[in-house]
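Shown next, in structure tokens, is the structure this report addresses.
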Amino acid sequence: MKKTIRSLSVPLVVWCALMLTCVSVFADADPLPSWNPGPHKNAIITFVQAVTVKSSAKFVPAAERIATFDNDGTLWGEQPMYVQLVFALDRVKAMAPQHPEWTTKEPFASVLKGDLKAVMAGGERALLEIMMATHAGMSTEAFDQIVKDWIATAKHPKTGRPYTEMVYQPMLELLTYLRASGFKTYIVSGGGIEFMRPWTERVYGVPPEQVVGSSIKTQFVMQDGKPALMRLPEVNFIDDKDGKPVGIQQYIGRRPIAASGNSDGDLQMLQWTAAGPGARFCLYVHHTDAEREYAYDRTSAIGKLDLGLDEAGKRGWTVVDMKNDWKVIYPPKR
């Protein structure tokens with residue numbers, strides 16, 4: 001019997017040692033490997049630990065661990081043009097054969113000529129007209145498929161990579177880290193809700209029901225005896241600036257304890273988050289890397305960060321310096 005116990009004790013000791021090693025390695029694993037060491041990375045980890053450890057005075061129950069993220073410029077690139085605008089312009093070209101009047105009607109004529117400067121000179125009214133013409137007049141299912149087909153092949157003009165690979169690796173890690181820590185992650189974007197929902201789960205791990213965005217009106221109809229939801233050429237809700245806290249309340253129903261953005265369009269979302277009781281975390285992605293991505297802030301026509309940058313300084317929010325805080329920008333090429 002003693003011999004038997006002795007023969008089993010060695011592998012048991014080895015097994016225990018291996019288990020302790022695995023636990024130690026897991027505990028020491030870096031949840032944000034693409035982030036450079038420093039105060040901003042430390043601030044994220046310190047906050048997460050504070051709200052997830054039960055013995056902590058700042059502990060937050062899992063049900064209340066809500067984190068919201070802007071999309072354009074926060075989770076993926078927005079320069080030199082918003083991706084959804086690229087989609088809309090491509091749709092104008094694809095639909096042009098069915099609309100011969102567009103060859104002389106603005107802003108469509110300028111789109112077909114490739115004169116983007118003239119299109120932008122038309123301001124919000126011109127852009128809204130393009131959006132309504134290219135995003136409405138079809139069922140939600142048809143639009144969903146159009147988006148899926150386009151996003152599968154469209155590529156960024158500078159890098160030649162698919163737009164779904166123009167996502168920020170450090171932010172993907174942050175999303176994963178938060179979810180592993182019991183957070184529920186939401187996208188709260190000024191972009192179209194139906195434009196984002198077809199691909200956010202695959203790209204970010206955020207399912208469609210956790211996407212909040214701008215929308216156009218939708219109507220229930222019967223077509224050939226079958227129910228359908230038709231997209232109408234009317235604005236329903238703009239999920240930008242002061243619309244973001246409204247969208248959060250309408251779609252989520254809980255105030256976030258963490259929020260991330262990159263522009264003045266996200267300021268009210270961060271203010272709303274910071275104003276809640278208990279532990280709060282607000283983060284701005286500051287585009288400072290002209291070599292690996294783009295550098296822009298206070299005077300940019302796209303993703304302007306001016307008032308938000310001042311507010312972050314006053315309130316002590318975390319402002320991520322893309323150039324210095326991130327080891328890499330995009331995921332490895334597939």
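Residue numbers start at 1 in each chain; chains themselves are named A, B, ... in the order of the structure tokens; ligands are numbered from 1 in the order shown.
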
query: So which residues touch segment 297-313 of chain A within 10 Å, counting only C-alpha atoms, skipping near sequence neighbours fewer than 4 positions away, as a list in words?
result: Asp72, Gly73, Thr74, Glu78, Gln79, Pro80, Met81, Tyr82, Gly261, Asn262, Ser263, Asp264, Gly265, Asp266, Leu267, Gln268, Leu270, Gln271, Cys282, Leu283, Tyr284, Val285, His286, His287, Thr288, Trp317, Thr318 and Val319 of chain A

- request: Enumerate as number ranges by chain all residues of segment 97-318 of chain A assigned to helix (DSSP H, G or I) by DSSP on the backbone, naming them with the chain letters and numbers the document uses.
  value: A: 97-98, 100-103, 108-113, 116-121, 123-135, 140-153, 163-165, 169-180, 193-196, 200-204, 208-210, 243-251, 264-274, 307-315

Prev. selection, C-alpha atoms, output as a short mmCIF file (atom, residue, chain, number, x, y, z; two decimals), in the first residue's frame:
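Final file, again_30.cif:
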```cif
data_model
loop_
_atom_site.label_atom_id
_atom_site.label_comp_id
_atom_site.auth_asym_id
_atom_site.auth_seq_id
_atom_site.Cartn_x
_atom_site.Cartn_y
_atom_site.Cartn_z
CA PRO A 97 -28.68 53.50 -63.95
CA GLN A 98 -32.17 53.46 -62.38
CA PRO A 100 -31.00 59.01 -65.08
CA GLU A 101 -32.14 62.32 -63.59
CA TRP A 102 -29.19 62.15 -61.19
CA THR A 103 -26.77 63.10 -63.96
CA PHE A 108 -25.98 63.30 -57.10
CA ALA A 109 -24.41 64.83 -60.22
CA SER A 110 -21.31 65.79 -58.24
CA VAL A 111 -21.11 62.30 -56.72
CA LEU A 112 -21.19 60.72 -60.17
CA LYS A 113 -18.50 63.13 -61.37
CA LEU A 116 -16.46 65.25 -53.45
CA LYS A 117 -15.60 68.88 -52.68
CA ALA A 118 -18.81 70.01 -54.36
CA VAL A 119 -20.78 67.34 -52.50
CA MET A 120 -19.44 68.50 -49.14
CA ALA A 121 -20.13 72.13 -50.07
CA GLY A 123 -23.57 70.72 -46.28
CA GLU A 124 -25.82 68.59 -44.11
CA ARG A 125 -28.79 69.01 -46.43
CA ALA A 126 -26.92 67.44 -49.37
CA LEU A 127 -25.59 64.59 -47.24
CA LEU A 128 -29.05 63.92 -45.82
CA GLU A 129 -30.50 63.80 -49.32
CA ILE A 130 -27.87 61.25 -50.35
CA MET A 131 -28.54 59.16 -47.24
CA MET A 132 -32.29 59.13 -47.77
CA ALA A 133 -31.95 58.18 -51.43
CA THR A 134 -29.52 55.34 -50.76
CA HIS A 135 -30.76 54.02 -47.41
CA THR A 140 -34.89 46.13 -43.60
CA GLU A 141 -33.87 42.67 -44.80
CA ALA A 142 -32.87 44.00 -48.24
CA PHE A 143 -30.82 46.80 -46.68
CA ASP A 144 -29.15 44.34 -44.31
CA GLN A 145 -27.98 42.24 -47.26
CA ILE A 146 -26.77 45.29 -49.21
CA VAL A 147 -24.62 46.33 -46.23
CA LYS A 148 -23.23 42.81 -45.81
CA ASP A 149 -22.30 42.58 -49.49
CA TRP A 150 -20.63 45.99 -49.48
CA ILE A 151 -18.67 45.59 -46.23
CA ALA A 152 -17.34 42.23 -47.47
CA THR A 153 -15.48 43.85 -50.37
CA TYR A 163 -12.77 48.44 -43.52
CA THR A 164 -13.45 45.67 -41.02
CA GLU A 165 -9.68 45.37 -40.59
CA GLN A 169 -6.45 46.41 -31.92
CA PRO A 170 -6.03 48.10 -28.50
CA MET A 171 -9.75 48.88 -28.39
CA LEU A 172 -10.63 45.30 -29.37
CA GLU A 173 -8.57 44.20 -26.38
CA LEU A 174 -10.40 46.67 -24.14
CA LEU A 175 -13.76 45.32 -25.28
CA THR A 176 -12.62 41.77 -24.58
CA TYR A 177 -11.14 42.71 -21.19
CA LEU A 178 -14.34 44.41 -20.08
CA ARG A 179 -16.55 41.50 -21.16
CA ALA A 180 -14.26 39.04 -19.39
CA ILE A 193 -27.96 51.61 -36.53
CA GLU A 194 -28.92 49.35 -39.45
CA PHE A 195 -25.60 50.02 -41.17
CA MET A 196 -23.65 48.76 -38.13
CA THR A 200 -20.57 44.48 -35.35
CA GLU A 201 -20.90 41.06 -33.73
CA ARG A 202 -18.36 39.50 -36.08
CA VAL A 203 -15.91 42.39 -35.85
CA TYR A 204 -16.30 43.60 -32.25
CA PRO A 208 -27.02 43.80 -32.87
CA GLU A 209 -29.26 44.29 -29.84
CA GLN A 210 -26.37 46.12 -28.14
CA GLY A 243 -28.80 62.60 -28.65
CA LYS A 244 -26.41 59.98 -27.26
CA PRO A 245 -27.59 60.11 -23.62
CA VAL A 246 -31.17 60.02 -24.95
CA GLY A 247 -30.35 56.96 -27.06
CA ILE A 248 -28.69 55.28 -24.09
CA GLN A 249 -31.79 55.78 -21.99
CA GLN A 250 -34.16 54.61 -24.73
CA TYR A 251 -32.20 51.55 -25.85
CA ASP A 264 -16.99 66.43 -29.45
CA GLY A 265 -19.90 64.35 -30.71
CA ASP A 266 -19.24 62.02 -27.76
CA LEU A 267 -18.92 64.72 -25.11
CA GLN A 268 -22.49 64.51 -23.80
CA MET A 269 -22.24 60.71 -23.52
CA LEU A 270 -19.11 61.05 -21.39
CA GLN A 271 -20.68 63.83 -19.31
CA TRP A 272 -23.78 61.71 -18.70
CA THR A 273 -21.64 58.76 -17.69
CA ALA A 274 -19.40 60.79 -15.37
CA LEU A 307 -14.50 71.06 -26.34
CA GLY A 308 -14.10 67.42 -25.32
CA LEU A 309 -10.34 67.78 -24.99
CA ASP A 310 -10.77 70.76 -22.68
CA GLU A 311 -13.45 69.01 -20.65
CA ALA A 312 -11.29 65.90 -20.27
CA GLY A 313 -8.45 68.01 -18.89
CA LYS A 314 -10.71 69.69 -16.34
CA ARG A 315 -12.38 66.48 -15.19
#
```

task: Have a look at A:Asp70, A:Asp30, A:Asp239, A:Asp325 and name the one nearest to Ile216 of chain A; count only C-alpha atoms.
output: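 Going through A:Asp70, A:Asp30, A:Asp239, A:Asp325 one by one, the smallest distance to Ile216 of chain A is for A:Asp239.
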
Mind checking which residues fall within 8 Å of Gly137 of chain A, counting only C-alpha atoms, ignoring those fewer than 5 positions away in the same chain, and posting them as a PDB file with all heavy atoms, in the first residue's frame?
```pdb
ATOM      1  N   MET A 230     -40.510  48.288 -43.920  1.00  0.00           N
ATOM      2  CA  MET A 230     -39.995  49.135 -44.987  1.00  0.00           C
ATOM      3  C   MET A 230     -39.322  50.379 -44.417  1.00  0.00           C
ATOM      4  O   MET A 230     -39.827  51.015 -43.490  1.00  0.00           O
ATOM      5  CB  MET A 230     -41.135  49.549 -45.913  1.00  0.00           C
ATOM      6  CG  MET A 230     -41.790  48.393 -46.640  1.00  0.00           C
ATOM      7  SD  MET A 230     -40.631  47.466 -47.705  1.00  0.00           S
ATOM      8  CE  MET A 230     -40.194  48.726 -48.908  1.00  0.00           C
ATOM      9  N   ARG A 231     -38.179  50.696 -44.989  1.00  0.00           N
ATOM     10  CA  ARG A 231     -37.404  51.860 -44.564  1.00  0.00           C
ATOM     11  C   ARG A 231     -37.905  53.097 -45.316  1.00  0.00           C
ATOM     12  O   ARG A 231     -37.904  53.120 -46.548  1.00  0.00           O
ATOM     13  CB  ARG A 231     -35.917  51.620 -44.825  1.00  0.00           C
ATOM     14  CG  ARG A 231     -35.343  50.495 -43.971  1.00  0.00           C
ATOM     15  CD  ARG A 231     -33.938  50.082 -44.422  1.00  0.00           C
ATOM     16  NE  ARG A 231     -33.006  51.194 -44.406  1.00  0.00           N
ATOM     17  CZ  ARG A 231     -32.389  51.642 -43.312  1.00  0.00           C
ATOM     18  NH1 ARG A 231     -32.627  51.054 -42.138  1.00  0.00           N
ATOM     19  NH2 ARG A 231     -31.543  52.656 -43.373  1.00  0.00           N
ATOM     20  N   LEU A 232     -38.323  54.108 -44.578  1.00  0.00           N
ATOM     21  CA  LEU A 232     -38.898  55.314 -45.158  1.00  0.00           C
ATOM     22  C   LEU A 232     -37.861  56.435 -45.251  1.00  0.00           C
ATOM     23  O   LEU A 232     -36.940  56.502 -44.431  1.00  0.00           O
ATOM     24  CB  LEU A 232     -40.083  55.784 -44.315  1.00  0.00           C
ATOM     25  CG  LEU A 232     -41.178  54.753 -44.026  1.00  0.00           C
ATOM     26  CD1 LEU A 232     -42.259  55.378 -43.145  1.00  0.00           C
ATOM     27  CD2 LEU A 232     -41.772  54.217 -45.323  1.00  0.00           C
ATOM     28  N   PRO A 233     -38.017  57.344 -46.217  1.00  0.00           N
ATOM     29  CA  PRO A 233     -37.058  58.453 -46.365  1.00  0.00           C
ATOM     30  C   PRO A 233     -37.323  59.588 -45.373  1.00  0.00           C
ATOM     31  O   PRO A 233     -37.484  60.747 -45.756  1.00  0.00           O
ATOM     32  CB  PRO A 233     -37.275  58.888 -47.815  1.00  0.00           C
ATOM     33  CG  PRO A 233     -38.706  58.583 -48.075  1.00  0.00           C
ATOM     34  CD  PRO A 233     -39.001  57.313 -47.317  1.00  0.00           C
TER      35      PRO A 233
END
```

Determine which residues of segment 125-313 of chain A receive a DSSP assignment of strand (DSSP E), computed from the backbone, and state them as a PDB file with N, CA and C atoms, in the first residue's frame.
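New file selection22.pdb:
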```pdb
ATOM      1  N   LYS A 184     -21.124  44.513 -19.841  1.00  0.00           N
ATOM      2  CA  LYS A 184     -21.880  44.402 -21.064  1.00  0.00           C
ATOM      3  C   LYS A 184     -21.487  45.598 -21.918  1.00  0.00           C
ATOM      4  N   THR A 185     -20.984  45.348 -23.125  1.00  0.00           N
ATOM      5  CA  THR A 185     -20.460  46.420 -23.970  1.00  0.00           C
ATOM      6  C   THR A 185     -21.465  46.795 -25.056  1.00  0.00           C
ATOM      7  N   TYR A 186     -21.655  48.088 -25.222  1.00  0.00           N
ATOM      8  CA  TYR A 186     -22.582  48.628 -26.216  1.00  0.00           C
ATOM      9  C   TYR A 186     -21.859  49.584 -27.150  1.00  0.00           C
ATOM     10  N   ILE A 187     -22.300  49.635 -28.390  1.00  0.00           N
ATOM     11  CA  ILE A 187     -21.864  50.672 -29.312  1.00  0.00           C
ATOM     12  C   ILE A 187     -22.942  51.751 -29.307  1.00  0.00           C
ATOM     13  N   VAL A 188     -22.532  53.001 -29.112  1.00  0.00           N
ATOM     14  CA  VAL A 188     -23.448  54.137 -29.162  1.00  0.00           C
ATOM     15  C   VAL A 188     -22.841  55.139 -30.138  1.00  0.00           C
ATOM     16  N   SER A 189     -23.341  55.124 -31.360  1.00  0.00           N
ATOM     17  CA  SER A 189     -22.693  55.835 -32.459  1.00  0.00           C
ATOM     18  C   SER A 189     -23.655  56.754 -33.198  1.00  0.00           C
ATOM     19  N   GLY A 190     -23.096  57.804 -33.791  1.00  0.00           N
ATOM     20  CA  GLY A 190     -23.881  58.668 -34.657  1.00  0.00           C
ATOM     21  C   GLY A 190     -24.182  58.003 -35.981  1.00  0.00           C
ATOM     22  N   GLY A 191     -23.478  56.918 -36.285  1.00  0.00           N
ATOM     23  CA  GLY A 191     -23.713  56.179 -37.520  1.00  0.00           C
ATOM     24  C   GLY A 191     -25.056  55.469 -37.520  1.00  0.00           C
ATOM     25  N   GLY A 192     -25.467  55.026 -38.693  1.00  0.00           N
ATOM     26  CA  GLY A 192     -26.756  54.365 -38.830  1.00  0.00           C
ATOM     27  C   GLY A 192     -26.800  53.033 -38.094  1.00  0.00           C
ATOM     28  N   VAL A 211     -26.368  47.550 -30.085  1.00  0.00           N
ATOM     29  CA  VAL A 211     -25.922  48.637 -30.940  1.00  0.00           C
ATOM     30  C   VAL A 211     -26.970  49.746 -30.930  1.00  0.00           C
ATOM     31  N   VAL A 212     -26.543  50.952 -30.586  1.00  0.00           N
ATOM     32  CA  VAL A 212     -27.409  52.128 -30.580  1.00  0.00           C
ATOM     33  C   VAL A 212     -26.873  53.090 -31.631  1.00  0.00           C
ATOM     34  N   GLY A 213     -27.754  53.606 -32.495  1.00  0.00           N
ATOM     35  CA  GLY A 213     -27.299  54.503 -33.540  1.00  0.00           C
ATOM     36  C   GLY A 213     -28.423  55.345 -34.096  1.00  0.00           C
ATOM     37  N   SER A 214     -28.088  56.158 -35.080  1.00  0.00           N
ATOM     38  CA  SER A 214     -29.090  56.976 -35.757  1.00  0.00           C
ATOM     39  C   SER A 214     -29.976  56.076 -36.607  1.00  0.00           C
ATOM     40  N   SER A 215     -31.197  56.538 -36.853  1.00  0.00           N
ATOM     41  CA  SER A 215     -32.129  55.682 -37.597  1.00  0.00           C
ATOM     42  C   SER A 215     -33.087  56.500 -38.447  1.00  0.00           C
ATOM     43  N   ILE A 216     -33.653  55.847 -39.449  1.00  0.00           N
ATOM     44  CA  ILE A 216     -34.731  56.438 -40.228  1.00  0.00           C
ATOM     45  C   ILE A 216     -36.010  55.709 -39.862  1.00  0.00           C
ATOM     46  N   LYS A 217     -37.139  56.298 -40.210  1.00  0.00           N
ATOM     47  CA  LYS A 217     -38.419  55.708 -39.830  1.00  0.00           C
ATOM     48  C   LYS A 217     -38.661  54.407 -40.585  1.00  0.00           C
ATOM     49  N   THR A 218     -39.299  53.486 -39.910  1.00  0.00           N
ATOM     50  CA  THR A 218     -39.584  52.167 -40.473  1.00  0.00           C
ATOM     51  C   THR A 218     -41.065  51.873 -40.311  1.00  0.00           C
ATOM     52  N   GLN A 219     -41.661  51.266 -41.324  1.00  0.00           N
ATOM     53  CA  GLN A 219     -43.096  50.996 -41.316  1.00  0.00           C
ATOM     54  C   GLN A 219     -43.383  49.529 -41.592  1.00  0.00           C
ATOM     55  N   PHE A 220     -44.305  48.968 -40.807  1.00  0.00           N
ATOM     56  CA  PHE A 220     -44.746  47.592 -41.023  1.00  0.00           C
ATOM     57  C   PHE A 220     -45.763  47.573 -42.165  1.00  0.00           C
ATOM     58  N   VAL A 221     -45.537  46.668 -43.145  1.00  0.00           N
ATOM     59  CA  VAL A 221     -46.458  46.545 -44.283  1.00  0.00           C
ATOM     60  C   VAL A 221     -46.630  45.066 -44.620  1.00  0.00           C
ATOM     61  N   MET A 222     -47.649  44.773 -45.386  1.00  0.00           N
ATOM     62  CA  MET A 222     -47.851  43.432 -45.933  1.00  0.00           C
ATOM     63  C   MET A 222     -47.534  43.471 -47.418  1.00  0.00           C
ATOM     64  N   GLN A 223     -46.601  42.635 -47.845  1.00  0.00           N
ATOM     65  CA  GLN A 223     -46.216  42.550 -49.258  1.00  0.00           C
ATOM     66  C   GLN A 223     -46.453  41.136 -49.753  1.00  0.00           C
ATOM     67  N   LYS A 226     -47.116  38.754 -47.100  1.00  0.00           N
ATOM     68  CA  LYS A 226     -46.060  38.515 -46.107  1.00  0.00           C
ATOM     69  C   LYS A 226     -45.704  39.818 -45.395  1.00  0.00           C
ATOM     70  N   PRO A 227     -45.458  39.750 -44.082  1.00  0.00           N
ATOM     71  CA  PRO A 227     -45.093  40.965 -43.352  1.00  0.00           C
ATOM     72  C   PRO A 227     -43.675  41.419 -43.682  1.00  0.00           C
ATOM     73  N   ALA A 228     -43.491  42.743 -43.725  1.00  0.00           N
ATOM     74  CA  ALA A 228     -42.172  43.305 -44.007  1.00  0.00           C
ATOM     75  C   ALA A 228     -42.047  44.645 -43.287  1.00  0.00           C
ATOM     76  N   LEU A 229     -40.818  45.041 -43.021  1.00  0.00           N
ATOM     77  CA  LEU A 229     -40.528  46.354 -42.452  1.00  0.00           C
ATOM     78  C   LEU A 229     -39.864  47.192 -43.532  1.00  0.00           C
ATOM     79  N   MET A 230     -40.510  48.288 -43.920  1.00  0.00           N
ATOM     80  CA  MET A 230     -39.995  49.135 -44.987  1.00  0.00           C
ATOM     81  C   MET A 230     -39.322  50.379 -44.417  1.00  0.00           C
ATOM     82  N   ARG A 231     -38.179  50.696 -44.989  1.00  0.00           N
ATOM     83  CA  ARG A 231     -37.404  51.860 -44.564  1.00  0.00           C
ATOM     84  C   ARG A 231     -37.905  53.097 -45.316  1.00  0.00           C
ATOM     85  N   LEU A 232     -38.323  54.108 -44.578  1.00  0.00           N
ATOM     86  CA  LEU A 232     -38.898  55.314 -45.158  1.00  0.00           C
ATOM     87  C   LEU A 232     -37.861  56.435 -45.251  1.00  0.00           C
ATOM     88  N   PRO A 233     -38.017  57.344 -46.217  1.00  0.00           N
ATOM     89  CA  PRO A 233     -37.058  58.453 -46.365  1.00  0.00           C
ATOM     90  C   PRO A 233     -37.323  59.588 -45.373  1.00  0.00           C
ATOM     91  N   GLU A 234     -37.377  59.235 -44.100  1.00  0.00           N
ATOM     92  CA  GLU A 234     -37.602  60.222 -43.040  1.00  0.00           C
ATOM     93  C   GLU A 234     -36.690  59.902 -41.857  1.00  0.00           C
ATOM     94  N   VAL A 235     -36.092  60.929 -41.285  1.00  0.00           N
ATOM     95  CA  VAL A 235     -35.222  60.744 -40.127  1.00  0.00           C
ATOM     96  C   VAL A 235     -36.069  60.392 -38.907  1.00  0.00           C
ATOM     97  N   ASN A 236     -35.635  59.383 -38.181  1.00  0.00           N
ATOM     98  CA  ASN A 236     -36.324  58.988 -36.958  1.00  0.00           C
ATOM     99  C   ASN A 236     -35.595  59.503 -35.721  1.00  0.00           C
ATOM    100  N   PHE A 237     -34.267  59.303 -35.676  1.00  0.00           N
ATOM    101  CA  PHE A 237     -33.495  59.686 -34.492  1.00  0.00           C
ATOM    102  C   PHE A 237     -32.037  59.884 -34.872  1.00  0.00           C
ATOM    103  N   ALA A 258     -18.878  53.300 -17.668  1.00  0.00           N
ATOM    104  CA  ALA A 258     -17.684  53.558 -18.483  1.00  0.00           C
ATOM    105  C   ALA A 258     -18.128  53.955 -19.878  1.00  0.00           C
ATOM    106  N   ALA A 259     -17.444  54.939 -20.454  1.00  0.00           N
ATOM    107  CA  ALA A 259     -17.781  55.384 -21.804  1.00  0.00           C
ATOM    108  C   ALA A 259     -16.511  55.810 -22.520  1.00  0.00           C
ATOM    109  N   SER A 260     -16.453  55.495 -23.819  1.00  0.00           N
ATOM    110  CA  SER A 260     -15.275  55.835 -24.622  1.00  0.00           C
ATOM    111  C   SER A 260     -15.712  56.518 -25.911  1.00  0.00           C
ATOM    112  N   GLY A 261     -14.998  57.590 -26.273  1.00  0.00           N
ATOM    113  CA  GLY A 261     -15.284  58.299 -27.510  1.00  0.00           C
ATOM    114  C   GLY A 261     -14.014  58.904 -28.075  1.00  0.00           C
ATOM    115  N   PHE A 281     -15.719  55.868 -15.341  1.00  0.00           N
ATOM    116  CA  PHE A 281     -14.504  55.919 -16.151  1.00  0.00           C
ATOM    117  C   PHE A 281     -14.850  56.459 -17.536  1.00  0.00           C
ATOM    118  N   CYS A 282     -14.187  57.552 -17.910  1.00  0.00           N
ATOM    119  CA  CYS A 282     -14.406  58.171 -19.223  1.00  0.00           C
ATOM    120  C   CYS A 282     -13.084  58.224 -19.981  1.00  0.00           C
ATOM    121  N   LEU A 283     -13.124  57.840 -21.241  1.00  0.00           N
ATOM    122  CA  LEU A 283     -11.909  57.739 -22.045  1.00  0.00           C
ATOM    123  C   LEU A 283     -12.114  58.407 -23.408  1.00  0.00           C
ATOM    124  N   TYR A 284     -11.131  59.183 -23.795  1.00  0.00           N
ATOM    125  CA  TYR A 284     -11.091  59.762 -25.138  1.00  0.00           C
ATOM    126  C   TYR A 284      -9.902  59.167 -25.901  1.00  0.00           C
ATOM    127  N   VAL A 285     -10.128  58.739 -27.121  1.00  0.00           N
ATOM    128  CA  VAL A 285      -9.046  58.332 -28.010  1.00  0.00           C
ATOM    129  C   VAL A 285      -8.594  59.586 -28.752  1.00  0.00           C
ATOM    130  N   HIS A 286      -7.350  59.988 -28.545  1.00  0.00           N
ATOM    131  CA  HIS A 286      -6.804  61.187 -29.182  1.00  0.00           C
ATOM    132  C   HIS A 286      -5.932  60.761 -30.365  1.00  0.00           C
TER     133      HIS A 286
END
```

message: Quick check, in Å to one decimal: how far apart do atom CA of Val86 of chain A and atom CA of Thr159 of chain A lie?
response: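 Answer for the atom CA of Val86 of chain A to atom CA of Thr159 of chain A separation: 15.0 Å.
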
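Closest approach to Asp321 of chain A from the set A:His156, A:Lys333, A:Tyr296, A:Ile66 is made by A:Tyr296, with distances taken over only C-alpha atoms.
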
field: Arg292 of chain A surroundings by only C-alpha atoms, 12 Å radius, close-in-sequence under 4 positions cut, as a ChimeraX atom specification
entry: /A:77,158-159,166,168,287-288,322-324,326-330

- request: For segment 52-61 of chain A, list every protein, DNA or RNA residue within 9 Å, evaluated using only C-alpha atoms, and leave out those in the same chain fewer than 5 positions away; present the list as a list in words.
  value: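 What passes the distance filter is Phe47, Ser181, Gly182, Gly278 and Ala279 of chain A.
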
Please produce an output containing N, CA and C atoms for each residue in the selection, written as an mmCIF file, in the first residue's frame.
```cif
data_model
loop_
_atom_site.group_PDB
_atom_site.id
_atom_site.type_symbol
_atom_site.label_atom_id
_atom_site.label_comp_id
_atom_site.auth_asym_id
_atom_site.auth_seq_id
_atom_site.Cartn_x
_atom_site.Cartn_y
_atom_site.Cartn_z
ATOM 1 N N PHE A 47 -9.405 50.767 -12.630
ATOM 2 C CA PHE A 47 -10.857 50.942 -12.594
ATOM 3 C C PHE A 47 -11.570 49.597 -12.647
ATOM 4 N N SER A 181 -14.572 40.724 -17.663
ATOM 5 C CA SER A 181 -14.712 41.226 -16.296
ATOM 6 C C SER A 181 -16.174 41.477 -15.937
ATOM 7 N N GLY A 182 -17.072 40.901 -16.705
ATOM 8 C CA GLY A 182 -18.486 40.984 -16.374
ATOM 9 C C GLY A 182 -19.219 42.205 -16.896
ATOM 10 N N GLY A 278 -21.004 56.729 -7.721
ATOM 11 C CA GLY A 278 -20.046 55.635 -7.658
ATOM 12 C C GLY A 278 -18.900 55.779 -8.644
ATOM 13 N N ALA A 279 -18.198 54.682 -8.862
ATOM 14 C CA ALA A 279 -17.026 54.679 -9.745
ATOM 15 C C ALA A 279 -17.435 54.930 -11.188
#
```

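The closest residue to Lys155 of chain A, picked from A:Ile252, A:Ala290, A:Val83, A:Ala275 and counting only C-alpha atoms, is A:Val83.
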
- prompt: Which distance in Å separates atom CA of Arg197 of chain A and atom CA of Asn71 of chain A, to one decimal?
  reply: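 Spanning atom CA of Arg197 of chain A to atom CA of Asn71 of chain A is a straight-line distance of 11.8 Å.
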
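The coordinates place atom CA of Thr68 of chain A at 25.8 Å from atom CA of Ala88 of chain A.
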